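Dumped query-v9.cif below, it's mmCIF, C-alpha atoms:
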data_upload
#
loop_
_atom_site.label_atom_id
_atom_site.label_comp_id
_atom_site.auth_asym_id
_atom_site.auth_seq_id
_atom_site.Cartn_x
_atom_site.Cartn_y
_atom_site.Cartn_z
CA MET V 1 0.00 0.00 0.00
CA ARG V 2 1.36 3.39 -0.95
CA PRO V 3 2.00 5.77 1.89
CA LEU V 4 -0.35 8.68 2.10
CA ALA V 5 1.22 11.72 0.47
CA PHE V 6 0.58 15.22 1.68
CA LEU V 7 0.77 18.19 -0.61
CA VAL V 8 1.96 21.20 1.30
CA ALA V 9 1.02 24.52 -0.24
CA ALA V 10 3.89 26.96 -0.62
CA MET V 11 3.90 29.57 2.08
CA PRO V 12 2.70 32.91 0.69
CA ILE V 13 5.35 35.57 0.60
CA ALA V 14 3.12 38.35 1.96
CA THR V 15 1.22 37.32 5.05
CA ALA V 16 -1.46 39.41 6.71
CA ALA V 17 -2.43 37.27 9.65
CA ALA V 18 -5.59 38.10 11.56
CA PRO V 19 -4.87 40.74 14.18
CA PRO V 20 -4.66 39.59 17.76
CA PRO V 21 -7.60 40.60 19.95
CA THR V 22 -6.93 44.19 20.92
CA GLY V 23 -9.96 45.29 22.86
CA PRO V 24 -12.13 48.02 21.46
CA LEU V 25 -9.67 49.11 18.74
CA ASP V 26 -9.27 46.84 15.72
CA LEU V 27 -5.96 47.78 14.04
CA SER V 28 -4.45 45.92 11.10
CA THR V 29 -1.73 46.67 8.58
CA ARG V 30 -1.42 45.75 4.94
CA VAL V 31 1.50 46.38 2.57
CA LEU V 32 0.67 46.70 -1.12
CA ALA V 33 2.99 47.14 -4.08
CA GLU V 34 2.57 49.40 -7.07
CA VAL V 35 2.06 47.35 -10.21
CA ARG V 36 1.70 48.72 -13.73
CA GLU V 37 -1.45 47.54 -15.48
CA ARG V 38 -2.13 48.03 -19.16
CA ASN V 39 -5.38 49.73 -20.13
CA PRO V 40 -7.27 48.60 -23.25
CA ASP V 41 -6.19 51.80 -25.02
CA GLY V 42 -2.51 50.92 -24.55
CA THR V 43 -1.79 53.38 -21.75
CA THR V 44 -0.67 52.10 -18.39
CA ARG V 45 -1.94 52.87 -14.93
CA ILE V 46 -0.58 52.16 -11.47
CA ALA V 47 -2.61 49.76 -9.36
CA LEU V 48 -2.00 48.45 -5.85
CA ALA V 49 -1.82 44.73 -5.22
CA ALA V 50 -0.51 42.36 -2.57
CA PRO V 51 3.07 41.88 -3.74
CA GLY V 52 4.15 38.41 -4.74
CA ARG V 53 7.66 39.76 -4.28
CA VAL V 54 9.54 42.99 -3.76
CA VAL V 55 13.09 43.98 -4.65
CA PRO V 56 15.15 46.98 -3.54
CA GLY V 57 13.83 50.15 -5.16
CA ASP V 58 10.21 48.95 -5.35
CA ARG V 59 7.55 51.35 -4.08
CA VAL V 60 5.08 49.98 -1.55
CA THR V 61 2.07 51.49 0.21
CA VAL V 62 1.68 50.71 3.91
CA LEU V 63 -1.96 50.88 5.06
CA LEU V 64 -3.28 51.07 8.61
CA ASP V 65 -6.93 50.04 8.88
CA TYR V 66 -8.56 50.96 12.20
CA ARG V 67 -12.05 50.63 13.64
CA ASN V 68 -13.69 51.10 17.01
CA THR V 69 -15.38 47.76 17.68
CA GLY V 70 -16.37 48.72 21.25
CA ARG V 71 -19.36 50.52 22.67
CA ALA V 72 -17.68 53.70 23.91
CA PRO V 73 -15.83 56.44 22.03
CA ILE V 74 -12.03 56.14 21.83
CA ALA V 75 -10.36 59.47 22.68
CA ASP V 76 -6.85 60.81 22.00
CA LEU V 77 -6.21 58.08 19.42
CA VAL V 78 -2.66 58.03 18.03
CA LEU V 79 -1.83 55.59 15.23
CA ALA V 80 1.88 55.07 14.62
CA ASN V 81 4.07 52.99 12.37
CA PRO V 82 7.75 52.42 13.10
CA LEU V 83 9.51 52.04 9.74
CA PRO V 84 10.91 48.52 9.33
CA ALA V 85 14.66 48.49 8.65
CA GLY V 86 14.16 47.53 5.01
CA MET V 87 11.82 50.43 4.19
CA ALA V 88 12.46 54.11 3.51
CA TYR V 89 9.60 56.60 3.98
CA ARG V 90 8.67 58.56 0.86
CA GLY V 91 5.47 60.45 1.70
CA PRO V 92 1.76 60.16 2.44
CA ALA V 93 -0.27 57.96 0.11
CA ALA V 94 -2.83 59.56 -2.18
CA ASN V 95 -6.00 60.49 -0.24
CA SER V 96 -4.28 59.98 3.12
CA PRO V 97 -3.52 62.87 5.46
CA MET V 98 0.12 63.83 5.96
CA PRO V 99 1.58 62.03 8.98
CA GLU V 100 3.87 63.62 11.53
CA VAL V 101 7.34 62.12 11.24
CA SER V 102 10.23 61.41 13.57
CA VAL V 103 13.87 60.46 13.24
CA ASP V 104 14.09 58.97 16.75
CA GLY V 105 10.58 57.84 17.71
CA ARG V 106 10.36 60.52 20.40
CA ARG V 107 10.10 63.94 18.78
CA TYR V 108 7.55 64.31 15.97
CA ALA V 109 7.39 67.29 13.61
CA PRO V 110 7.15 68.14 9.92
CA LEU V 111 10.26 66.79 8.17
CA ALA V 112 11.62 70.29 7.45
CA ALA V 113 11.80 70.99 11.20
CA LEU V 114 13.79 67.86 12.09
CA THR V 115 17.56 67.62 12.43
CA LEU V 116 19.89 64.73 12.98
CA ALA V 117 22.90 64.79 15.30
CA MET V 118 26.16 64.17 13.47
CA PRO V 119 28.82 61.85 14.87
CA GLY V 120 31.45 64.10 16.33
CA GLY V 121 29.10 66.99 17.01
CA GLY V 122 26.84 69.31 15.07
CA ALA V 123 23.61 68.51 13.29
CA ARG V 124 22.25 68.35 9.77
CA ALA V 125 18.76 68.68 8.27
CA ALA V 126 16.91 65.36 8.21
CA ASN V 127 15.81 63.87 4.89
CA ALA V 128 13.07 61.37 4.10
CA GLY V 129 15.49 58.45 4.35
CA ASP V 130 16.23 59.30 7.99
CA ILE V 131 12.62 58.89 9.14
CA THR V 132 12.17 56.06 11.62
CA HIS V 133 8.53 56.60 12.70
CA VAL V 134 5.34 58.13 11.33
CA ARG V 135 2.16 58.83 13.27
CA TRP V 136 -1.27 60.35 12.96
CA ARG V 137 -3.17 61.92 15.86
CA LEU V 138 -6.94 61.84 15.46
CA ALA V 139 -8.39 65.20 16.38
CA ARG V 140 -11.76 63.87 17.52
CA PRO V 141 -12.84 60.81 19.51
CA LEU V 142 -13.55 57.76 17.38
CA ALA V 143 -17.22 56.87 17.76
CA PRO V 144 -18.30 53.23 18.21
CA GLY V 145 -18.41 51.54 14.81
CA ALA V 146 -16.36 54.29 13.15
CA GLY V 147 -13.01 53.63 11.46
CA GLY V 148 -10.81 54.49 8.53
CA THR V 149 -7.57 53.88 6.69
CA LEU V 150 -4.31 55.83 6.85
CA ALA V 151 -1.47 55.12 4.46
CA PHE V 152 2.03 56.13 3.46
CA VAL V 153 4.37 55.32 0.60
CA ALA V 154 7.80 53.77 1.15
CA THR V 155 10.51 52.21 -0.97
CA VAL V 156 12.29 48.94 -0.31
CA ARG V 157 15.88 49.76 0.68
CA MET E 1 40.42 41.37 -9.58
CA PHE E 2 37.44 42.70 -7.62
CA ALA E 3 36.93 46.44 -7.24
CA ALA E 4 35.37 47.90 -4.11
CA ALA E 5 31.58 48.13 -4.01
CA PRO E 6 30.44 51.74 -4.42
CA LEU E 7 26.71 50.96 -4.37
CA ALA E 8 24.63 52.08 -1.42
CA ALA E 9 23.70 49.18 0.82
CA GLN E 10 20.64 47.40 -0.49
CA THR E 11 18.52 44.99 1.46
CA ALA E 12 19.98 41.52 1.04
CA PRO E 13 17.88 38.97 -0.86
CA GLY E 14 15.88 36.72 1.46
CA THR E 15 15.52 39.40 4.14
CA ALA E 16 12.10 39.59 5.82
CA ILE E 17 10.57 43.05 6.21
CA ASP E 18 8.02 42.94 9.02
CA ASN E 19 5.62 45.82 9.52
CA VAL E 20 3.64 46.29 12.75
CA ALA E 21 1.50 49.36 13.43
CA GLU E 22 0.86 50.69 16.94
CA ALA E 23 -2.01 52.55 18.60
CA ARG E 24 -2.55 54.29 21.89
CA TRP E 25 -5.62 56.08 23.18
CA SER E 26 -7.63 56.94 26.26
CA MET E 27 -10.85 55.42 27.37
CA ALA E 28 -12.64 56.69 30.43
CA ALA E 29 -9.46 58.71 31.11
CA GLU E 30 -7.39 55.50 31.24
CA PRO E 31 -4.48 55.12 28.77
CA ALA E 32 -4.46 52.03 26.58
CA ALA E 33 -2.30 50.69 23.75
CA SER E 34 -2.27 47.89 21.20
CA ARG E 35 -0.39 46.59 18.19
CA SER E 36 -1.56 45.40 14.79
CA ASN E 37 -0.90 42.12 13.04
CA ARG E 38 2.56 41.58 11.55
CA ASN E 39 2.77 41.97 7.77
CA ARG E 40 5.78 40.21 6.27
CA LEU E 41 7.46 40.81 2.91
CA ILE E 42 10.37 38.72 1.70
CA VAL E 43 12.87 40.70 -0.36
CA GLY E 44 13.75 39.08 -3.65
CA GLU E 45 17.01 39.32 -5.57
CA ARG E 46 17.17 41.95 -8.29
CA LEU E 47 19.28 40.84 -11.27
CA ASP E 48 21.15 43.61 -13.10
CA VAL E 49 24.46 43.94 -14.87
CA ALA E 50 26.58 46.65 -16.48
CA LEU E 51 29.31 46.23 -19.06
CA ALA E 52 31.68 48.97 -20.24
CA PRO E 53 34.85 49.28 -22.30
CA ASP E 54 37.67 50.12 -19.97
CA GLY E 55 40.47 52.34 -21.13
CA PRO E 56 41.70 52.98 -24.67
CA LEU E 57 41.66 50.31 -27.30
CA PRO E 58 45.12 48.81 -27.70
CA ALA E 59 46.98 49.45 -30.91
CA PRO E 60 46.86 46.54 -33.34
CA SER E 61 50.54 45.86 -32.97
CA GLY E 62 50.75 42.13 -32.46
CA PRO E 63 49.10 39.17 -34.09
CA ALA E 64 46.48 39.22 -31.34
CA ARG E 65 45.36 41.86 -28.88
CA ALA E 66 43.43 42.08 -25.64
CA VAL E 67 40.50 44.48 -25.27
CA ARG E 68 39.86 45.38 -21.63
CA PHE E 69 36.36 45.86 -20.27
CA THR E 70 34.60 45.87 -16.92
CA LEU E 71 31.59 43.85 -15.85
CA ARG E 72 29.75 45.04 -12.74
CA ASN E 73 27.13 43.16 -10.78
CA THR E 74 24.58 45.97 -10.30
CA GLY E 75 22.00 43.55 -8.90
CA THR E 76 21.38 42.94 -5.22
CA GLY E 77 22.60 39.37 -4.80
CA SER E 78 25.68 37.28 -5.45
CA GLU E 79 25.60 36.37 -9.10
CA ALA E 80 27.71 34.76 -11.83
CA PHE E 81 27.48 35.91 -15.44
CA THR E 82 27.82 34.23 -18.79
CA LEU E 83 29.73 36.19 -21.41
CA ALA E 84 29.81 35.86 -25.16
CA ALA E 85 32.11 37.83 -27.47
CA THR E 86 31.70 37.85 -31.23
CA LEU E 87 33.11 39.71 -34.20
CA ALA E 88 30.53 41.08 -36.60
CA ARG E 89 32.38 40.50 -39.83
CA SER E 90 35.56 38.58 -39.33
CA ALA E 91 35.80 34.84 -39.62
CA ALA E 92 39.37 35.14 -38.43
CA GLY E 93 38.80 32.99 -35.39
CA GLU E 94 37.28 32.72 -31.98
CA VAL E 95 37.28 35.51 -29.40
CA LEU E 96 38.46 34.15 -26.05
CA LEU E 97 37.67 35.72 -22.71
CA ALA E 98 39.94 35.98 -19.67
CA ALA E 99 39.61 37.50 -16.20
CA ASP E 100 42.25 39.90 -14.91
CA GLY E 101 43.38 37.44 -12.25
CA ASP E 102 46.24 39.51 -10.84
CA GLY E 103 44.35 42.80 -11.04
CA ASP E 104 47.07 44.74 -12.83
CA GLY E 105 44.84 45.76 -15.75
CA ARG E 106 47.12 44.11 -18.33
CA TYR E 107 46.56 40.77 -19.97
CA ASP E 108 49.18 38.22 -19.07
CA PRO E 109 48.56 34.69 -20.37
CA ALA E 110 50.59 33.26 -17.49
CA ARG E 111 48.48 34.84 -14.75
CA ASP E 112 45.09 35.73 -16.26
CA ALA E 113 43.10 32.53 -16.74
CA LEU E 114 40.58 32.00 -19.51
CA LEU E 115 36.94 31.87 -18.38
CA PRO E 116 35.63 28.33 -18.78
CA ASP E 117 32.57 28.48 -21.07
CA GLY E 118 32.71 32.28 -20.77
CA GLN E 119 31.38 32.10 -17.23
CA THR E 120 32.57 34.41 -14.45
CA PRO E 121 32.89 33.39 -10.82
CA ALA E 122 30.06 34.58 -8.56
CA LEU E 123 30.40 38.33 -7.91
CA ALA E 124 29.09 39.94 -4.74
CA THR E 125 26.58 42.75 -5.22
CA GLY E 126 28.21 45.93 -6.48
CA THR E 127 31.55 44.36 -7.33
CA ALA E 128 33.25 44.66 -10.68
CA LEU E 129 35.42 42.25 -12.60
CA THR E 130 38.02 43.34 -15.16
CA LEU E 131 37.97 41.12 -18.23
CA PHE E 132 39.83 40.79 -21.50
CA ALA E 133 38.51 39.81 -24.89
CA LEU E 134 41.39 38.20 -26.75
CA LEU E 135 41.06 38.95 -30.43
CA PRO E 136 42.56 37.25 -33.43
CA ALA E 137 44.27 39.60 -35.87
CA VAL E 138 41.44 41.53 -37.50
CA ASP E 139 40.96 44.37 -39.92
CA ARG E 140 38.06 46.75 -39.50
CA ASP E 141 35.45 44.98 -37.47
CA THR E 142 33.09 45.39 -34.54
CA LEU E 143 33.48 43.44 -31.33
CA ALA E 144 30.20 42.68 -29.56
CA ILE E 145 30.34 41.51 -25.95
CA GLU E 146 27.24 40.35 -24.17
CA ALA E 147 26.80 39.44 -20.50
CA ARG E 148 23.79 37.69 -18.97
CA ALA E 149 23.07 36.76 -15.37
CA LEU E 150 23.46 33.02 -14.93
CA THR E 151 20.20 32.83 -12.94
CA GLY E 152 18.34 34.22 -15.92
CA SER E 153 17.69 37.30 -18.03
CA GLY E 154 14.78 38.79 -19.93
CA ALA E 155 12.56 41.85 -20.06
CA PRO E 156 12.67 43.94 -16.85
CA GLY E 157 10.41 42.33 -14.28
CA THR E 158 10.92 38.75 -15.46
CA VAL E 159 10.61 36.47 -12.42
CA PHE E 160 12.59 33.33 -11.65
CA PRO E 161 10.63 31.80 -8.75
CA GLY E 162 12.72 30.61 -5.85
CA ALA E 163 15.95 31.30 -7.73
CA GLY E 164 17.05 34.31 -5.68
CA ASP E 165 19.66 34.30 -2.95
CA GLY E 166 18.14 33.43 0.41
CA GLY E 167 15.32 31.40 -1.12
CA GLY E 168 13.19 34.25 -2.45
CA ASP E 169 12.46 34.99 -6.08
CA ALA E 170 14.91 36.53 -8.52
CA VAL E 171 13.57 39.39 -10.66
CA THR E 172 15.28 41.14 -13.55
CA GLY E 173 15.81 44.85 -13.00
CA VAL E 174 15.90 47.69 -15.50
CA THR E 175 18.78 46.13 -17.47
CA GLY E 176 16.93 42.85 -17.94
CA ALA E 177 20.02 41.21 -16.37
CA ARG E 178 21.67 41.57 -19.77
CA ALA E 179 24.29 44.06 -20.96
CA GLN E 180 25.98 44.57 -24.28
CA ALA E 181 28.98 46.58 -25.37
CA MET E 182 29.92 47.25 -28.99
CA LEU E 183 33.47 48.30 -29.78
CA PRO E 184 34.64 49.39 -33.20
CA LEU E 185 37.99 47.83 -34.06
CA GLU E 186 40.16 49.58 -36.57
CA SER E 187 43.22 48.27 -38.34
CA ASP E 188 44.01 51.97 -38.70
CA PRO E 189 43.98 53.37 -35.17
CA ALA E 190 43.57 56.87 -36.64
CA GLY E 191 40.02 56.11 -37.81
CA PRO E 192 36.98 57.63 -36.11
CA THR E 193 35.70 55.89 -32.98
CA LEU E 194 32.63 56.31 -30.80
CA VAL E 195 32.51 54.94 -27.25
CA LYS E 196 29.39 55.12 -25.09
CA SER E 197 29.22 54.90 -21.31
CA GLN E 198 26.59 55.58 -18.68
CA ALA E 199 26.24 56.64 -15.05
CA VAL E 200 23.20 56.17 -12.83
CA ARG E 201 22.20 58.48 -10.01
CA ALA E 202 19.12 57.48 -7.98
CA LEU E 203 16.95 59.76 -5.84
CA ASP E 204 18.63 58.39 -2.72
CA GLY E 205 22.08 59.17 -4.08
CA SER E 206 22.94 55.57 -4.92
CA GLU E 207 23.73 54.08 -8.35
CA ARG E 208 20.54 52.05 -8.24
CA ALA E 209 18.58 52.12 -11.53
CA SER E 210 15.26 52.58 -9.72
CA ALA E 211 12.17 54.66 -10.45
CA GLY E 212 13.13 58.32 -10.63
CA ALA E 213 16.83 57.60 -11.20
CA ILE E 214 18.72 59.77 -13.69
CA VAL E 215 20.95 57.98 -16.20
CA THR E 216 23.60 60.18 -17.84
CA TYR E 217 25.04 58.90 -21.12
CA THR E 218 28.42 60.02 -22.38
CA LEU E 219 29.31 59.56 -26.04
CA SER E 220 32.97 60.12 -26.75
CA ALA E 221 33.65 60.59 -30.47
CA ARG E 222 37.18 60.70 -31.80
CA LEU E 223 37.60 62.11 -35.28
CA ALA E 224 40.74 61.53 -37.31
CA GLY E 225 40.66 64.99 -38.82
CA THR E 226 39.46 64.36 -42.33
CA GLU E 227 35.77 63.64 -41.75
CA ALA E 228 33.06 65.95 -43.02
CA ASP E 229 29.52 66.21 -41.63
CA ALA E 230 30.10 63.87 -38.68
CA ILE E 231 26.77 63.41 -36.89
CA VAL E 232 26.18 61.48 -33.67
CA THR E 233 22.68 60.08 -33.18
CA ASP E 234 21.54 57.96 -30.28
CA PRO E 235 18.02 56.62 -29.62
CA ILE E 236 16.48 57.30 -26.21
CA PRO E 237 16.45 53.88 -24.49
CA ALA E 238 13.03 52.21 -24.28
CA GLY E 239 11.41 52.64 -20.89
CA THR E 240 13.12 55.95 -20.15
CA ARG E 241 12.25 59.61 -20.74
CA TYR E 242 14.66 62.17 -22.15
CA LEU E 243 15.43 64.80 -19.50
CA SER E 244 14.78 68.05 -21.35
CA GLY E 245 17.63 70.54 -21.34
CA SER E 246 20.28 67.92 -20.54
CA LEU E 247 22.00 67.76 -23.95
CA THR E 248 25.56 69.11 -24.06
CA LEU E 249 28.43 69.11 -26.57
CA ASP E 250 31.89 69.40 -25.04
CA GLY E 251 30.29 70.66 -21.84
CA ARG E 252 28.25 73.43 -23.50
CA PRO E 253 24.44 73.16 -23.31
CA LEU E 254 22.53 72.61 -26.55
CA SER E 255 18.83 73.43 -26.82
CA ASP E 256 16.46 70.53 -27.41
CA ALA E 257 14.95 72.27 -30.44
CA VAL E 258 16.30 71.73 -33.94
CA ASP E 259 17.63 75.23 -34.48
CA ALA E 260 20.82 77.20 -35.01
CA ASP E 261 22.88 75.23 -32.49
CA PRO E 262 24.34 71.91 -33.65
CA GLY E 263 22.07 69.58 -31.67
CA GLY E 264 18.53 68.62 -30.83
CA ALA E 265 16.69 66.07 -28.76
CA ASP E 266 13.19 64.70 -28.36
CA ASP E 267 11.57 61.63 -26.83
CA ALA E 268 12.90 59.45 -29.65
CA ARG E 269 16.57 60.39 -30.06
CA VAL E 270 19.35 62.91 -29.68
CA THR E 271 21.22 64.18 -32.73
CA VAL E 272 24.38 66.28 -32.62
CA ARG E 273 26.46 67.54 -35.53
CA LEU E 274 30.13 67.55 -34.52
CA PRO E 275 32.37 70.51 -35.40
CA ALA E 276 34.28 69.97 -38.64
CA PRO E 277 37.83 68.89 -37.73
CA ALA E 278 40.66 71.06 -38.98
CA GLY E 279 42.78 68.28 -40.41
CA THR E 280 44.00 67.06 -37.02
CA PRO E 281 42.51 64.42 -34.70
CA ALA E 282 39.96 65.78 -32.23
CA THR E 283 37.73 64.27 -29.54
CA HIS E 284 34.23 65.54 -28.81
CA THR E 285 31.97 64.58 -25.94
CA VAL E 286 28.17 64.48 -26.19
CA GLN E 287 26.19 64.03 -22.97
CA PHE E 288 22.50 63.69 -22.28
CA ALA E 289 20.36 62.33 -19.47
CA VAL E 290 17.21 60.26 -19.22
CA GLN E 291 14.96 59.50 -16.27
CA ILE E 292 13.50 56.13 -15.34
CA PRO E 293 9.77 56.84 -14.77
#
Encoding of this model in structure tokens:
Amino acid sequence: MRPLAFLVAAMPIATAAAPPPTGPLDLSTRVLAEVRERNPDGTTRIALAAPGRVVPGDRVTVLLDYRNTGRAPIADLVLANPLPAGMAYRGPAANSPMPEVSVDGRRYAPLAALTLAMPGGGARAANAGDITHVRWRLARPLAPGAGGTLAFVATVR
Amino acid sequence: MFAAAPLAAQTAPGTAIDNVAEARWSMAAEPAASRSNRNRLIVGERLDVALAPDGPLPAPSGPARAVRFTLRNTGTGSEAFTLAATLARSAAGEVLLAADGDGDGRYDPARDALLPDGQTPALATGTALTLFALLPAVDRDTLAIEARALTGSGAPGTVFPGAGDGGGDAVTGVTGARAQAMLPLESDPAGPTLVKSQAVRALDGSERASAGAIVTYTLSARLAGTEADAIVTDPIPAGTRYLSGSLTLDGRPLSDAVDADPGGADDARVTVRLPAPAGTPATHTVQFAVQIP
């Protein structure tokens, strides 16, 4: 008798596992890649899709989906995303508000107001590649059932 | 044999990029915090290669001569390359290829070994290898050298599943993991020659041929002195956009329009009329830039 053979499906490269239970705030992240799609008239357009693969230089969009699944409003909500080591921040995604940025995870400001200490003393103006954290502060309490999506664009280092 | 790597550090193939978002808030005046799921991307290997003539062509003094050129692994992984060298017209014999084993830039049969089957050793990302094409005695001819990544080559974006370093996929970059150099060979070294080279400058300051990068082409034309109406034309490479206002002749800007100055450029090609030489050899340099959209 032949032994029973198991077919094991290849592990997907991009995984978006279900978020752990987080209480009243449901927060999940997705990372999508820009892919060129050809229109019927021969022009091309940029679409976002779960990337089968990325290589250095590729542009990706990082999305934060949030929703209040509780029964009370959530006040003073701050949504943040530390930049993974392999990603460089480029800017807010289309239709997303501009995040505050930080080069150390402590002080947040518009990029033009940030500086970086130089080894051996002094400081220089920070550039987009120096950003280590982005965050958005919601101005109003998030009502029960309400939610949204915030997003920024990064490149693979 | 291997030059230092000038490329900015790029994420190594096989690296996992994990993204986790964070939240904090207040509820009933009590602070609270949570984290999102973890989203994982595996970085694939980008396959790219550059090939350039290196130094002046040697005079055709002996029965055979060595043409020096440089191959650079501009991809992100460790990669070997397969080379082929052919002569367009001559049936004078085979072109052999050798690596500059002792790194002195001169071909020495005792120390610079032939490449078996035209295949280089694996080169780390960003490193260059000096090579020689060993020519039979030829008259006027054109030497064509082609390099392809051993993992695979093809139109930019071609995927070789699971073939990248670290177990991820390998994907061809903007070069298609294929590079070609054409070198005119003259029995009369005083004849006109045209040598083309390129330099890449990305938005982040690296030499990465990524979206937004500027590629500057340099065409170096040597005239013997007797030519009339020498015109250099070069098509704009497919998949790039001419950077308007970037055309220069011997360092002086030329307008893009076809007008009183000796050059013009559009989305299809650049065309420059070289100054008429005054009976003596002269070298002129044409430069223009394109952007990778």
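What the PyMOL selection byres ((chain E) within 6 of (chain V)) picks from this file is Gln10, Thr11, Ile17, Asn19, Ala21, Glu22, Ala23, Arg24, Trp25, Ser26, Met27, Ser34, Ser36, Asn37, Asn39, Arg40, Leu41, Val43, Gly44, Arg46 and Ser210 of chain E.
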Let me have the centre and edge lengths of the axis-aligned box enclosing all listed atoms of range 218-237 of chain E with 6 Å padding on every side, in Å to one decimal, as lines of an AutoDock Vina configuration file.
center_x = 28.6
center_y = 60.0
center_z = -32.7
size_x = 36.3
size_y = 24.3
size_z = 32.6
Who sits within 8 Å of Ala228 in chain E, all atoms listed in the file, same chain under 2 positions skipped, as a PDB file with C-alpha atoms, in the frame of the given file:
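Contents of out-v6.pdb, as written:
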ATOM      1  CA  THR E 226      39.460  64.360 -42.330  1.00  0.00           C
ATOM      2  CA  ALA E 230      30.100  63.870 -38.680  1.00  0.00           C
ATOM      3  CA  ALA E 276      34.280  69.970 -38.640  1.00  0.00           C
ATOM      4  CA  PRO E 277      37.830  68.890 -37.730  1.00  0.00           C
TER       5      PRO E 277
END
Find the spatial neighbours of Arg222 in chain E, counting only C-alpha atoms, within a cut-off of 10 Å - ignore same-chain residues fewer than 4 positions away - and output them as a list in words.
Ala190, Gly191, Pro192, Thr193, Leu194, Val195, Pro281, Ala282, Thr283, His284 and Thr285 of chain E
In Å and to one decimal, CA of Gly264 in chain E is distant from CA of Ala144 in chain E by 28.5 Å
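Residues surrounding Gly14 in chain E within 9 Å are Ile42, Val43, Gly44, Glu45, Gly164, Asp165, Gly166, Gly167, Gly168 and Asp169 of chain E [all atoms listed in the file; sequence separation below 4 positions excluded].
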How would the residues just chosen look if you wrote them out with C-alpha atoms as a compact mmCIF listing (two decimals), in the coordinates of the input?
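Result went into part-v8.txt, see below:
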# COMPACT_ATOMS: atom_id res chain seq x y z
CA ILE E 42 10.37 38.72 1.70
CA VAL E 43 12.87 40.70 -0.36
CA GLY E 44 13.75 39.08 -3.65
CA GLU E 45 17.01 39.32 -5.57
CA GLY E 164 17.05 34.31 -5.68
CA ASP E 165 19.66 34.30 -2.95
CA GLY E 166 18.14 33.43 0.41
CA GLY E 167 15.32 31.40 -1.12
CA GLY E 168 13.19 34.25 -2.45
CA ASP E 169 12.46 34.99 -6.08
So which residues get picked by the PyMOL selection byres ((chain V and resi 36) around 9) here, written as a PDB file with C-alpha atoms, in the coordinates of the input?
ATOM      1  CA  GLU V  34       2.570  49.400  -7.070  1.00  0.00           C
ATOM      2  CA  VAL V  35       2.060  47.350 -10.210  1.00  0.00           C
ATOM      3  CA  GLU V  37      -1.450  47.540 -15.480  1.00  0.00           C
ATOM      4  CA  ARG V  38      -2.130  48.030 -19.160  1.00  0.00           C
ATOM      5  CA  THR V  44      -0.670  52.100 -18.390  1.00  0.00           C
ATOM      6  CA  ARG V  45      -1.940  52.870 -14.930  1.00  0.00           C
ATOM      7  CA  ILE V  46      -0.580  52.160 -11.470  1.00  0.00           C
ATOM      8  CA  ALA V  47      -2.610  49.760  -9.360  1.00  0.00           C
ATOM      9  CA  LEU V  48      -2.000  48.450  -5.850  1.00  0.00           C
TER      10      LEU V  48
END
Could you tell me, as a tab-separated table (two decimals) with C-alpha atoms, in the frame of the given file, exactly which residues end up selected when the PyMOL selection byres ((chain E and resi 287-290) around 7) is applied to this structure?
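Output contents, as saved in selection-v8.tsv:
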chain	number	residue	atom	x	y	z
E	214	ILE	CA	18.72	59.77	-13.69
E	215	VAL	CA	20.95	57.98	-16.20
E	216	THR	CA	23.60	60.18	-17.84
E	217	TYR	CA	25.04	58.90	-21.12
E	218	THR	CA	28.42	60.02	-22.38
E	219	LEU	CA	29.31	59.56	-26.04
E	240	THR	CA	13.12	55.95	-20.15
E	241	ARG	CA	12.25	59.61	-20.74
E	242	TYR	CA	14.66	62.17	-22.15
E	243	LEU	CA	15.43	64.80	-19.50
E	246	SER	CA	20.28	67.92	-20.54
E	247	LEU	CA	22.00	67.76	-23.95
E	248	THR	CA	25.56	69.11	-24.06
E	249	LEU	CA	28.43	69.11	-26.57
E	285	THR	CA	31.97	64.58	-25.94
E	286	VAL	CA	28.17	64.48	-26.19
E	291	GLN	CA	14.96	59.50	-16.27
E	292	ILE	CA	13.50	56.13	-15.34
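Separating CA of Ala66 in chain E from CA of Val49 in chain E is a distance of 21.9 Å.
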Gly239 in chain E: which residues within 12 Å, counting only C-alpha atoms, same-chain residues fewer than 5 positions away excluded, as a compact mmCIF listing (two decimals) with C-alpha atoms, in the coordinates of the input?
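That gives us selection24.txt:
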# COMPACT_ATOMS: atom_id res chain seq x y z
CA ALA E 155 12.56 41.85 -20.06
CA PRO E 156 12.67 43.94 -16.85
CA GLY E 173 15.81 44.85 -13.00
CA VAL E 174 15.90 47.69 -15.50
CA THR E 175 18.78 46.13 -17.47
CA GLY E 176 16.93 42.85 -17.94
CA ALA E 209 18.58 52.12 -11.53
CA SER E 210 15.26 52.58 -9.72
CA ALA E 211 12.17 54.66 -10.45
CA GLY E 212 13.13 58.32 -10.63
CA VAL E 215 20.95 57.98 -16.20
CA ASP E 267 11.57 61.63 -26.83
CA ALA E 268 12.90 59.45 -29.65
CA VAL E 290 17.21 60.26 -19.22
CA GLN E 291 14.96 59.50 -16.27
CA ILE E 292 13.50 56.13 -15.34
CA PRO E 293 9.77 56.84 -14.77
